[in-house]
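Colleague: The structure file start_32.tsv (TSV, C-alpha atoms) is provided below.
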```tsv
chain	number	residue	atom	x	y	z
A	5	MET	CA	4.76	0.67	6.49
A	6	ILE	CA	8.08	0.54	4.76
A	7	ARG	CA	6.40	-1.27	1.91
A	8	LEU	CA	3.78	1.46	1.60
A	9	ALA	CA	6.45	4.13	1.58
A	10	SER	CA	8.42	2.46	-1.17
A	11	LEU	CA	5.25	1.97	-3.20
A	12	ALA	CA	4.42	5.66	-2.79
A	13	ALA	CA	7.95	6.55	-3.85
A	14	ILE	CA	7.61	4.49	-7.01
A	15	VAL	CA	4.24	6.07	-7.84
A	16	LEU	CA	5.58	9.57	-7.22
A	17	ALA	CA	8.63	8.89	-9.32
A	18	ALA	CA	6.43	7.61	-12.12
A	19	MET	CA	4.26	10.75	-11.90
A	20	ALA	CA	7.23	13.08	-11.81
A	21	TYR	CA	8.87	11.39	-14.80
A	22	PRO	CA	6.01	9.88	-16.77
A	23	THR	CA	7.98	9.67	-20.00
A	24	HIS	CA	10.36	11.92	-21.90
A	25	ALA	CA	8.76	11.32	-25.27
A	26	ALA	CA	6.50	13.95	-26.81
A	27	ASP	CA	4.94	14.76	-30.17
A	28	TRP	CA	4.77	18.37	-31.22
A	29	LYS	CA	2.56	20.06	-33.80
A	30	MET	CA	3.10	23.47	-35.30
A	31	ASP	CA	1.11	26.57	-34.48
A	32	ALA	CA	0.94	27.80	-38.07
A	33	GLY	CA	-0.24	31.31	-37.23
A	34	ALA	CA	2.73	32.03	-34.98
A	35	SER	CA	5.45	30.36	-37.04
A	36	ARG	CA	7.63	31.85	-39.73
A	37	LEU	CA	9.87	30.35	-42.39
A	38	GLU	CA	11.97	33.02	-44.06
A	39	PHE	CA	14.65	33.02	-46.71
A	40	THR	CA	17.10	35.66	-47.86
A	41	VAL	CA	18.80	35.78	-51.23
A	42	THR	CA	21.01	38.49	-52.61
A	43	TYR	CA	19.75	40.53	-55.55
A	44	GLU	CA	22.32	42.75	-57.27
A	45	LYS	CA	24.56	42.39	-54.18
A	46	THR	CA	21.75	43.50	-51.86
A	47	ALA	CA	19.85	41.29	-49.39
A	48	ALA	CA	16.35	40.44	-50.62
A	49	PRO	CA	14.04	38.77	-48.08
A	50	GLY	CA	11.18	36.37	-48.70
A	51	LEU	CA	9.09	33.86	-46.82
A	52	PHE	CA	7.07	30.69	-47.26
A	53	LYS	CA	3.55	31.39	-46.05
A	54	GLU	CA	2.43	27.76	-45.94
A	55	PHE	CA	4.48	25.07	-44.27
A	56	ASP	CA	4.11	22.52	-41.51
A	57	THR	CA	6.42	21.08	-38.88
A	58	ARG	CA	6.06	17.84	-36.95
A	59	LEU	CA	8.49	16.93	-34.23
A	60	HIS	CA	8.97	13.89	-32.05
A	61	LEU	CA	11.41	14.26	-29.19
A	62	ASP	CA	12.35	11.54	-26.76
A	63	ALA	CA	15.09	12.38	-24.29
A	64	ASP	CA	15.43	8.74	-23.31
A	65	LYS	CA	15.61	7.40	-26.84
A	66	PRO	CA	17.24	10.05	-29.06
A	67	SER	CA	17.28	7.55	-31.91
A	68	GLU	CA	13.47	7.95	-32.01
A	69	ASN	CA	13.71	11.73	-32.49
A	70	ARG	CA	12.24	12.97	-35.75
A	71	LEU	CA	11.79	16.31	-37.46
A	72	ASP	CA	9.54	16.48	-40.52
A	73	VAL	CA	8.84	19.68	-42.42
A	74	THR	CA	6.68	20.15	-45.51
A	75	ILE	CA	6.64	23.41	-47.46
A	76	ALA	CA	4.09	24.56	-50.07
A	77	VAL	CA	6.58	26.06	-52.50
A	78	LYS	CA	3.96	28.14	-54.32
A	79	SER	CA	3.43	30.10	-51.07
A	80	ALA	CA	6.87	31.70	-51.52
A	81	ASP	CA	6.44	35.45	-51.24
A	82	MET	CA	9.06	38.13	-51.92
A	83	ASN	CA	6.63	41.03	-51.61
A	84	SER	CA	6.41	41.64	-55.36
A	85	ALA	CA	3.77	40.18	-57.70
A	86	ASP	CA	6.26	40.08	-60.60
A	87	VAL	CA	8.97	38.35	-58.58
A	88	ASN	CA	6.49	35.85	-57.10
A	89	LYS	CA	5.26	34.93	-60.58
A	90	ALA	CA	8.81	34.54	-61.90
A	91	MET	CA	9.80	32.45	-58.87
A	92	GLY	CA	7.17	29.82	-59.65
A	93	GLY	CA	8.48	29.35	-63.20
A	94	ALA	CA	10.47	26.40	-64.55
A	95	GLU	CA	13.82	28.19	-64.17
A	96	TRP	CA	13.23	28.72	-60.44
A	97	PHE	CA	10.95	26.59	-58.21
A	98	ASP	CA	8.90	25.05	-61.05
A	99	VAL	CA	5.88	24.80	-58.74
A	100	ALA	CA	3.74	23.09	-61.38
A	101	ARG	CA	5.99	20.01	-61.26
A	102	TYR	CA	7.34	20.32	-57.73
A	103	PRO	CA	4.65	21.88	-55.54
A	104	GLN	CA	6.09	20.61	-52.27
A	105	ALA	CA	9.48	20.71	-50.59
A	106	GLU	CA	10.25	18.41	-47.67
A	107	PHE	CA	12.78	17.90	-44.97
A	108	HIS	CA	12.98	14.60	-43.08
A	109	SER	CA	15.56	14.02	-40.39
A	110	THR	CA	17.54	10.82	-40.19
A	111	ASP	CA	19.33	11.85	-37.01
A	112	LEU	CA	18.27	14.42	-34.45
A	113	ARG	CA	20.04	14.94	-31.17
A	114	LYS	CA	21.05	17.49	-28.61
A	115	ALA	CA	24.56	18.82	-29.04
A	116	ASP	CA	26.93	19.75	-26.23
A	117	ASP	CA	26.06	23.43	-26.51
A	118	GLY	CA	22.39	22.73	-25.66
A	119	LYS	CA	21.26	23.26	-29.25
A	120	TYR	CA	19.75	20.54	-31.36
A	121	LEU	CA	21.12	19.39	-34.66
A	122	ALA	CA	18.92	17.64	-37.20
A	123	ARG	CA	20.72	15.82	-39.97
A	124	GLY	CA	18.54	14.75	-42.85
A	125	THR	CA	17.41	15.20	-46.41
A	126	LEU	CA	15.97	18.34	-47.92
A	127	SER	CA	14.06	17.64	-51.14
A	128	LEU	CA	13.57	20.78	-53.16
A	129	LYS	CA	12.56	20.89	-56.82
A	130	GLY	CA	12.79	17.10	-56.82
A	131	VAL	CA	16.44	17.10	-55.75
A	132	PRO	CA	17.30	15.41	-52.42
A	133	GLN	CA	20.32	16.85	-50.62
A	134	SER	CA	21.80	16.12	-47.21
A	135	VAL	CA	21.58	19.14	-44.93
A	136	GLU	CA	22.18	19.92	-41.29
A	137	VAL	CA	19.58	22.00	-39.47
A	138	PRO	CA	20.75	23.44	-36.15
A	139	PHE	CA	18.15	24.98	-33.86
A	140	THR	CA	17.64	26.28	-30.37
A	141	TRP	CA	14.82	24.83	-28.27
A	142	ALA	CA	12.78	26.55	-25.58
A	143	GLU	CA	10.08	24.53	-23.91
A	144	THR	CA	7.33	25.30	-21.40
A	145	ALA	CA	4.65	22.88	-20.12
A	146	ASP	CA	2.86	22.30	-23.43
A	147	ALA	CA	4.40	24.81	-25.82
A	148	ALA	CA	7.79	25.15	-27.40
A	149	ARG	CA	9.71	27.38	-29.75
A	150	MET	CA	12.48	26.41	-32.13
A	151	ASN	CA	14.73	28.91	-33.89
A	152	GLY	CA	17.49	28.27	-36.33
A	153	GLU	CA	19.07	29.08	-39.63
A	154	LEU	CA	21.08	27.39	-42.31
A	155	VAL	CA	22.57	28.30	-45.66
A	156	VAL	CA	21.99	26.29	-48.82
A	157	LYS	CA	23.33	26.69	-52.34
A	158	ARG	CA	20.43	27.23	-54.73
A	159	GLY	CA	22.46	25.76	-57.59
A	160	THR	CA	22.66	22.29	-56.02
A	161	PHE	CA	18.84	22.10	-56.25
A	162	GLY	CA	18.74	23.45	-59.81
A	163	ILE	CA	17.01	26.63	-58.66
A	164	GLY	CA	17.82	29.40	-61.11
A	165	THR	CA	18.85	27.63	-64.29
A	166	GLY	CA	20.22	28.82	-67.62
A	167	GLU	CA	21.26	32.46	-67.60
A	168	TRP	CA	20.21	32.72	-63.92
A	169	ALA	CA	22.73	30.07	-62.82
A	170	SER	CA	25.48	32.70	-62.57
A	171	PRO	CA	25.58	34.21	-59.07
A	172	ALA	CA	26.32	37.69	-60.47
A	173	VAL	CA	22.74	39.02	-60.23
A	174	ILE	CA	21.05	36.53	-57.88
A	175	GLY	CA	23.55	35.20	-55.33
A	176	ALA	CA	24.41	31.51	-54.94
A	177	ASP	CA	23.75	31.31	-51.19
A	178	VAL	CA	20.25	31.27	-49.74
A	179	LYS	CA	19.88	31.78	-46.02
A	180	ILE	CA	16.92	29.95	-44.50
A	181	LYS	CA	15.70	31.13	-41.11
A	182	PHE	CA	12.86	29.74	-39.06
A	183	ASP	CA	10.94	30.63	-35.93
A	184	VAL	CA	8.54	27.77	-35.22
A	185	ARG	CA	6.02	27.64	-32.35
A	186	LEU	CA	4.80	24.19	-31.36
A	187	ARG	CA	2.15	22.69	-29.15
A	188	LYS	CA	2.44	19.35	-27.45
A	189	SER	CA	0.03	16.91	-29.06
A	190	GLY	CA	0.73	13.71	-27.15
B	25	MET	CA	40.56	78.64	-68.07
B	26	MET	CA	37.71	80.86	-66.97
B	27	TRP	CA	35.95	79.58	-63.89
B	28	ARG	CA	33.13	81.94	-63.08
B	29	ASN	CA	30.38	82.98	-65.44
B	30	THR	CA	30.31	86.55	-66.70
B	31	ILE	CA	27.54	88.59	-68.24
B	32	LEU	CA	28.93	87.50	-71.64
B	33	ALA	CA	30.22	83.96	-71.18
B	34	TRP	CA	29.79	80.68	-69.31
B	35	GLY	CA	32.67	79.56	-67.10
B	36	ALA	CA	34.19	76.10	-67.37
B	37	PRO	CA	32.25	74.50	-64.47
B	38	ALA	CA	28.90	75.63	-65.92
B	39	LYS	CA	29.84	74.17	-69.33
B	40	LEU	CA	31.13	70.94	-67.82
B	41	LEU	CA	27.92	70.51	-65.82
B	42	HIS	CA	25.78	71.27	-68.88
B	43	TRP	CA	27.47	68.75	-71.17
B	44	THR	CA	27.93	66.07	-68.51
B	45	LEU	CA	24.23	66.23	-67.70
B	46	ALA	CA	23.33	66.33	-71.40
B	47	LEU	CA	25.29	63.11	-71.96
B	48	LEU	CA	23.89	61.45	-68.83
B	49	VAL	CA	20.30	62.37	-69.73
B	50	PHE	CA	20.58	60.74	-73.16
B	51	VAL	CA	22.28	57.65	-71.71
B	52	GLN	CA	19.60	57.58	-69.04
B	53	ILE	CA	16.72	57.69	-71.54
B	54	GLY	CA	18.30	54.80	-73.45
B	55	LEU	CA	18.88	52.78	-70.27
B	56	GLY	CA	15.33	53.37	-69.02
B	57	TRP	CA	13.81	52.39	-72.34
B	58	ALA	CA	15.97	49.25	-72.61
B	59	ALA	CA	15.31	48.22	-68.98
B	60	VAL	CA	11.53	48.47	-69.36
B	61	SER	CA	11.35	46.65	-72.69
B	62	TRP	CA	13.96	43.92	-72.05
B	63	ARG	CA	12.57	40.44	-71.30
B	64	LEU	CA	12.98	39.29	-67.70
B	65	SER	CA	16.62	38.21	-67.44
B	66	PRO	CA	19.79	39.09	-65.52
B	67	THR	CA	20.48	41.70	-68.21
B	68	LYS	CA	17.16	43.43	-67.50
B	69	LEU	CA	17.93	43.59	-63.77
B	70	ASP	CA	21.41	44.98	-64.50
B	71	LEU	CA	19.90	47.59	-66.84
B	72	PHE	CA	17.62	48.72	-64.02
B	73	VAL	CA	20.57	49.04	-61.63
B	74	TRP	CA	22.40	51.16	-64.24
B	75	HIS	CA	19.29	53.30	-64.87
B	76	LYS	CA	18.66	53.89	-61.16
B	77	SER	CA	22.36	54.59	-60.48
B	78	VAL	CA	22.63	57.12	-63.32
B	79	GLY	CA	19.36	58.69	-62.09
B	80	ILE	CA	20.78	59.27	-58.62
B	81	LEU	CA	23.98	60.65	-60.19
B	82	ILE	CA	21.88	63.10	-62.25
B	83	LEU	CA	19.99	64.15	-59.10
B	84	ALA	CA	23.26	64.80	-57.24
B	85	LEU	CA	24.76	66.74	-60.17
B	86	MET	CA	21.58	68.84	-60.47
B	87	PHE	CA	22.06	70.03	-56.88
B	88	VAL	CA	25.65	70.99	-57.72
B	89	ARG	CA	24.45	72.71	-60.88
B	90	ILE	CA	21.71	74.70	-59.15
B	91	ALA	CA	24.15	75.75	-56.42
B	92	TRP	CA	26.72	76.90	-59.00
B	93	ARG	CA	24.08	78.67	-61.06
B	94	SER	CA	22.84	80.48	-57.93
B	95	ALA	CA	26.38	81.58	-57.07
B	96	ASN	CA	27.05	82.99	-60.55
B	97	VAL	CA	25.54	85.42	-62.98
B	98	ALA	CA	24.12	83.92	-66.16
B	99	PRO	CA	25.23	85.37	-69.48
B	100	ALA	CA	22.62	87.73	-70.88
B	101	LEU	CA	20.37	86.66	-73.72
B	102	PRO	CA	20.86	88.51	-77.03
B	103	ALA	CA	19.33	91.97	-76.86
B	104	ASP	CA	17.37	91.48	-80.09
B	105	MET	CA	15.22	88.67	-78.57
B	106	ARG	CA	11.60	89.67	-78.17
B	107	PRO	CA	10.21	89.73	-74.59
B	108	LEU	CA	8.07	86.67	-75.32
B	109	GLU	CA	11.18	84.75	-76.51
B	110	GLN	CA	13.10	85.88	-73.43
B	111	ARG	CA	10.33	84.60	-71.16
B	112	ALA	CA	10.06	81.33	-73.11
B	113	ALA	CA	13.82	80.82	-72.79
B	114	HIS	CA	13.76	81.53	-69.05
B	115	TRP	CA	10.80	79.31	-68.20
B	116	SER	CA	11.84	76.42	-70.43
B	117	HIS	CA	15.17	76.35	-68.59
B	118	VAL	CA	13.39	76.46	-65.22
B	119	LEU	CA	11.16	73.58	-66.38
B	120	LEU	CA	14.19	71.58	-67.55
B	121	TYR	CA	15.76	71.94	-64.11
B	122	ILE	CA	12.50	70.93	-62.41
B	123	LEU	CA	12.14	67.85	-64.65
B	124	LEU	CA	15.74	66.78	-64.03
B	125	LEU	CA	14.95	66.88	-60.31
B	126	LEU	CA	11.48	65.33	-60.47
B	127	LEU	CA	12.42	62.41	-62.72
B	128	PRO	CA	15.05	61.02	-60.33
B	129	VAL	CA	12.84	61.73	-57.31
B	130	THR	CA	9.80	59.94	-58.81
B	131	GLY	CA	12.08	57.06	-59.80
B	132	TRP	CA	13.37	56.92	-56.23
B	133	ILE	CA	9.75	56.84	-54.95
B	134	VAL	CA	8.90	53.98	-57.35
B	135	ASN	CA	11.96	52.03	-56.20
B	136	SER	CA	11.03	52.58	-52.53
B	137	ALA	CA	7.30	51.83	-52.95
B	138	ALA	CA	8.07	48.70	-55.01
B	139	ASN	CA	10.37	47.63	-52.16
B	140	VAL	CA	13.22	46.70	-54.49
B	141	PRO	CA	16.58	46.43	-52.74
B	142	PHE	CA	19.08	48.63	-54.57
B	143	ARG	CA	22.66	49.82	-54.23
B	144	ILE	CA	23.84	52.79	-56.28
B	145	PHE	CA	26.36	51.35	-58.76
B	146	TRP	CA	26.21	48.14	-56.65
B	147	LEU	CA	27.98	50.01	-53.81
B	148	ILE	CA	25.91	52.40	-51.74
B	149	PRO	CA	22.49	51.29	-50.42
B	150	LEU	CA	19.76	53.77	-51.33
B	151	PRO	CA	17.43	54.43	-48.37
B	152	SER	CA	13.69	54.18	-48.90
B	153	ILE	CA	11.75	57.46	-48.96
B	154	VAL	CA	8.25	55.90	-48.82
B	155	GLU	CA	6.75	52.75	-47.28
B	156	PRO	CA	6.23	49.72	-49.55
B	157	ASP	CA	2.99	50.28	-51.46
B	158	LYS	CA	2.26	48.49	-54.75
B	159	ALA	CA	-0.53	50.90	-55.81
B	160	LEU	CA	1.69	53.92	-55.13
B	161	ALA	CA	4.56	52.34	-57.07
B	162	ASP	CA	2.31	51.82	-60.12
B	163	ALA	CA	0.84	55.33	-59.91
B	164	ILE	CA	4.22	57.08	-59.56
B	165	ALA	CA	5.67	54.91	-62.33
B	166	ARG	CA	3.01	56.41	-64.64
B	167	VAL	CA	3.92	59.91	-63.44
B	168	HIS	CA	7.60	59.07	-64.12
B	169	PHE	CA	6.68	58.07	-67.69
B	170	VAL	CA	4.61	61.23	-68.29
B	171	LEU	CA	7.52	63.35	-67.00
B	172	PHE	CA	9.82	61.49	-69.40
B	173	VAL	CA	7.50	62.36	-72.32
B	174	VAL	CA	7.41	66.03	-71.24
B	175	LEU	CA	11.22	66.05	-70.92
B	176	SER	CA	11.64	64.52	-74.37
B	177	LEU	CA	9.42	67.20	-75.93
B	178	LEU	CA	11.22	69.93	-74.01
B	179	LEU	CA	14.62	68.59	-75.14
B	180	ILE	CA	13.45	68.85	-78.75
B	181	VAL	CA	12.45	72.48	-78.10
B	182	HIS	CA	15.76	73.16	-76.25
B	183	ILE	CA	17.95	71.68	-78.98
B	184	GLY	CA	15.79	73.17	-81.73
B	185	ALA	CA	16.03	76.61	-80.16
B	186	ALA	CA	19.83	76.32	-79.77
B	187	LEU	CA	20.15	75.36	-83.44
B	188	ARG	CA	17.82	78.23	-84.44
B	189	HIS	CA	20.01	80.69	-82.50
B	190	HIS	CA	23.07	79.39	-84.30
B	191	PHE	CA	21.88	78.84	-87.87
B	192	VAL	CA	18.92	81.22	-88.24
B	193	LYS	CA	19.55	84.09	-85.87
B	194	ARG	CA	23.33	83.68	-86.12
B	195	ASP	CA	23.96	84.78	-82.53
B	196	ASP	CA	26.38	83.21	-80.02
B	197	VAL	CA	23.87	81.47	-77.71
B	198	LEU	CA	24.91	77.96	-78.81
B	199	VAL	CA	28.59	78.69	-79.39
B	200	ARG	CA	29.14	80.25	-75.98
B	201	MET	CA	28.16	76.96	-74.31
B	202	LEU	CA	30.81	75.05	-76.30
B	203	PRO	CA	34.15	74.17	-74.69
B	204	GLY	CA	37.07	76.49	-75.41
B	205	THR	CA	34.98	79.55	-76.18
B	206	GLY	CA	34.51	82.67	-74.12
B	207	ASP	CA	38.08	82.93	-72.83
B	208	VAL	CA	38.94	85.78	-75.15
B	209	LYS	CA	36.19	88.33	-75.19
```
Translate the structure of the given file into structure tokens.

Modeller:
Amino acid sequence: MIRLASLAAIVLAAMAYPTHAADWKMDAGASRLEFTVTYEKTAAPGLFKEFDTRLHLDADKPSENRLDVTIAVKSADMNSADVNKAMGGAEWFDVARYPQAEFHSTDLRKADDGKYLARGTLSLKGVPQSVEVPFTWAETADAARMNGELVVKRGTFGIGTGEWASPAVIGADVKIKFDVRLRKSG
Amino acid sequence: MMWRNTILAWGAPAKLLHWTLALLVFVQIGLGWAAVSWRLSPTKLDLFVWHKSVGILILALMFVRIAWRSANVAPALPADMRPLEQRAAHWSHVLLYILLLLLPVTGWIVNSAANVPFRIFWLIPLPSIVEPDKALADAIARVHFVLFVVLSLLLIVHIGAALRHHFVKRDDVLVRMLPGTGDVK
């Protein structure tokens, strides 16, 4: 009888805590990746319409955590046909040569404040740069939402070259903001 | 210094408003032309900020001008002008005022419809007066250009008429708008 009880306890414990590892895929329709630059000292918003996020989280083995984001750079939209065309040019994103931007984490863990921090490499216009991506995490049974923002310097990626390099008309800082909805995939 | 207009002469504020707006309108035409024709570059974007800022300044000054004009008499036109000339003078001035209101307003609509963020002289954010709408922006931009053409033709008539008053008719219509005149009458 005692044996049976302990067996049941083990089974129950295994059911209650099957594993802490999960893979998450993005719900593209419900996710947004926005950026804000300054134009003539005024905030000018834009967004990337096509991007994808993959996430692996394992509470037991944080060293296995991974965040991978790919962005179709040509999907950048600033709500103006002229601006969108200029943005794809060689002085800006140069989408013909660098159609895709990527972020791959090398370290992703929960910080003391409950937020996550992904350290990794953002490759944009062929230039890899170390960045830190902080985000909040809200999880239900099989869905999750991550929100965060970071600021990058466009100049370090060679975005806006020549006469555009000066921050006088188009500011040096670009704020990136994301609201990503995910579904558990395994 | 004479402040208020009389039946014979313009006061200093009326003259100051006239010549300030005259200067701004010519600067504005040059800025608009340069901004449109410049290749895409930081300079082009700066030219547009200057053009839009001067446009809003003109709009604000036109309200001051209309208020001052309403609160004052206007000097009478020379008695020897024929009734047709009198009417032409009156309505061309009314049309000038309307154009100097409509040009900034249509420009403001274009800026709003095109959804371009803009601060007047890089300082004061200009609120939008219409929702973003690419088709509307293109249509009103054409209206803005047509109004510019009409204004240019009307300025030729206005300046031509002033010179005719001075050199052909030899009356004081042009001279009485000049600074420093009209104090001793």

Colleague: When you look at Phe72 (chain B) with a cut-off of 9 Å (counting only C-alpha atoms), what residues show up, excluding the ones that are within fewer than 6 positions of it in the same chain? I need them as an MDAnalysis selection string.

Modeller: chainID B and resid 55:56 58:60

Colleague: Specify as a VMD selection string all residues of chain A found within 12 Å of chain B, counting all atoms listed in the file.

Modeller: chain A and resid 40 to 50 82 to 87 89 to 91 93 95 164 to 175

Colleague: Between CA of Ile144 (chain B) and CA of Ala165 (chain B), what is the distance, to one decimal in Å?

Modeller: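 About the pair CA of Ile144 (chain B) and CA of Ala165 (chain B): they are 19.3 Å apart.
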
Colleague: Quick check, in Å to one decimal: how far apart do CA of His108 (chain A) and CA of Ser79 (chain A) lie?

Modeller: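 Computed distance, CA of His108 (chain A) to CA of Ser79 (chain A), equals 19.9 Å.
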
Colleague: Using only C-alpha atoms, can you tell me which of B:Ala98, B:Ile180, B:Val49, B:Ile133 comes closest to Gly35 (chain B)?

Modeller: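 That would be B:Ala98, the residue with the smallest distance to Gly35 (chain B).
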
Colleague: Excluding Phe172 (chain B) and residues on its chain fewer than 3 positions from it, collect all residues at most 9 Å away from it, counting all atoms listed in the file, and give them as an NGL selection string.

Modeller: :B and (53 or 123 or 127 or 167-169 or 175-177)

Colleague: To one decimal place in Å, what is the distance between CA of Pro103 (chain A) and CA of Asn151 (chain A)?

Modeller: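 Pair CA of Pro103 (chain A) / CA of Asn151 (chain A) returns 24.9 Å.
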
Colleague: Which one of B:Leu124, B:Met105, B:Leu85, B:Ile80 sits closest to Leu41 (chain B) if you count only C-alpha atoms?

Modeller: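 For Leu41 (chain B), the nearest of the candidates is B:Leu85.
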
Colleague: Counting only C-alpha atoms, which residues sit no farther than 12 Å from the position (24.6, 72.8, -60.1) in the file's frame? I'd like them as a list in words.

Modeller: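 Using only C-alpha atoms, the matching residues come out as Pro37, Ala38, Lys39, Leu40, Leu41, His42, Thr44, Leu45, Ile82, Leu83, Ala84, Leu85, Met86, Phe87, Val88, Arg89, Ile90, Ala91, Trp92, Arg93, Ser94, Ala95, Asn96, Tyr121, Leu124 and Leu125 of chain B.
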
Colleague: Env of Ala122 (chain A): 8 Å cut, atoms = all atoms listed in the file, seq-sep filter 6 positions within chain, self excluded. Answer as a PyMOL selection string.

Modeller: chain A and resi 71+109-113+136-138

Colleague: Which residue, A:Gly162, A:Gly152, A:Gly118, A:Pro66, has the smallest gap to Gly130 (chain A) when you use all atoms listed in the file?

Modeller: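 Result for the nearest residue to Gly130 (chain A): A:Gly162.
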
Colleague: Please, what is the axis-aligned box for every listed atom of region 176-185 of chain A with 6 Å on each side, as centre and edge lengths in Å to one decimal, as AutoDock Vina command-line options?

Modeller:
```
--center_x 15.2 --center_y 29.7 --center_z -43.6 --size_x 30.4 --size_y 16.1 --size_z 34.6
```

Colleague: Name the residues in contact with Arg158 (chain A) at a cut-off of 7 Å, using all atoms listed in the file, excluding same-chain residues fewer than 4 positions from it; report them as a list of chain:residue names.

Modeller: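 Once the nearby chain positions are removed, what remains is A:Gly162, A:Ile163, A:Ala176, A:Asp177, A:Val178.
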
Colleague: What would the list of residues within 10 Å of (-1.7, 23.7, -27.9) (file frame) look like as number ranges by chain, if all atoms listed in the file are what count?

Modeller: A: 28-31, 146-148, 185-189

Colleague: Write the residues you've just listed into a file as a compact mmCIF listing (two decimals), in the coordinates of the input, and include C-alpha atoms for each of them.

Modeller:
```
# COMPACT_ATOMS: atom_id res chain seq x y z
CA TRP A 28 4.77 18.37 -31.22
CA LYS A 29 2.56 20.06 -33.80
CA MET A 30 3.10 23.47 -35.30
CA ASP A 31 1.11 26.57 -34.48
CA ASP A 146 2.86 22.30 -23.43
CA ALA A 147 4.40 24.81 -25.82
CA ALA A 148 7.79 25.15 -27.40
CA ARG A 185 6.02 27.64 -32.35
CA LEU A 186 4.80 24.19 -31.36
CA ARG A 187 2.15 22.69 -29.15
CA LYS A 188 2.44 19.35 -27.45
CA SER A 189 0.03 16.91 -29.06
```

Colleague: Hey, which of A:Leu126, A:Met150, A:Val156, A:Leu121 ends up closest to Asp72 (chain A)? Count only C-alpha atoms.

Modeller: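 Among the listed residues, the smallest separation from Asp72 (chain A) belongs to A:Leu126.
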
Colleague: Between B:Lys68, B:His117, B:Lys76, B:Arg166, single out the one closest to Ala185 (chain B), counting all atoms listed in the file.

Modeller: B:His117
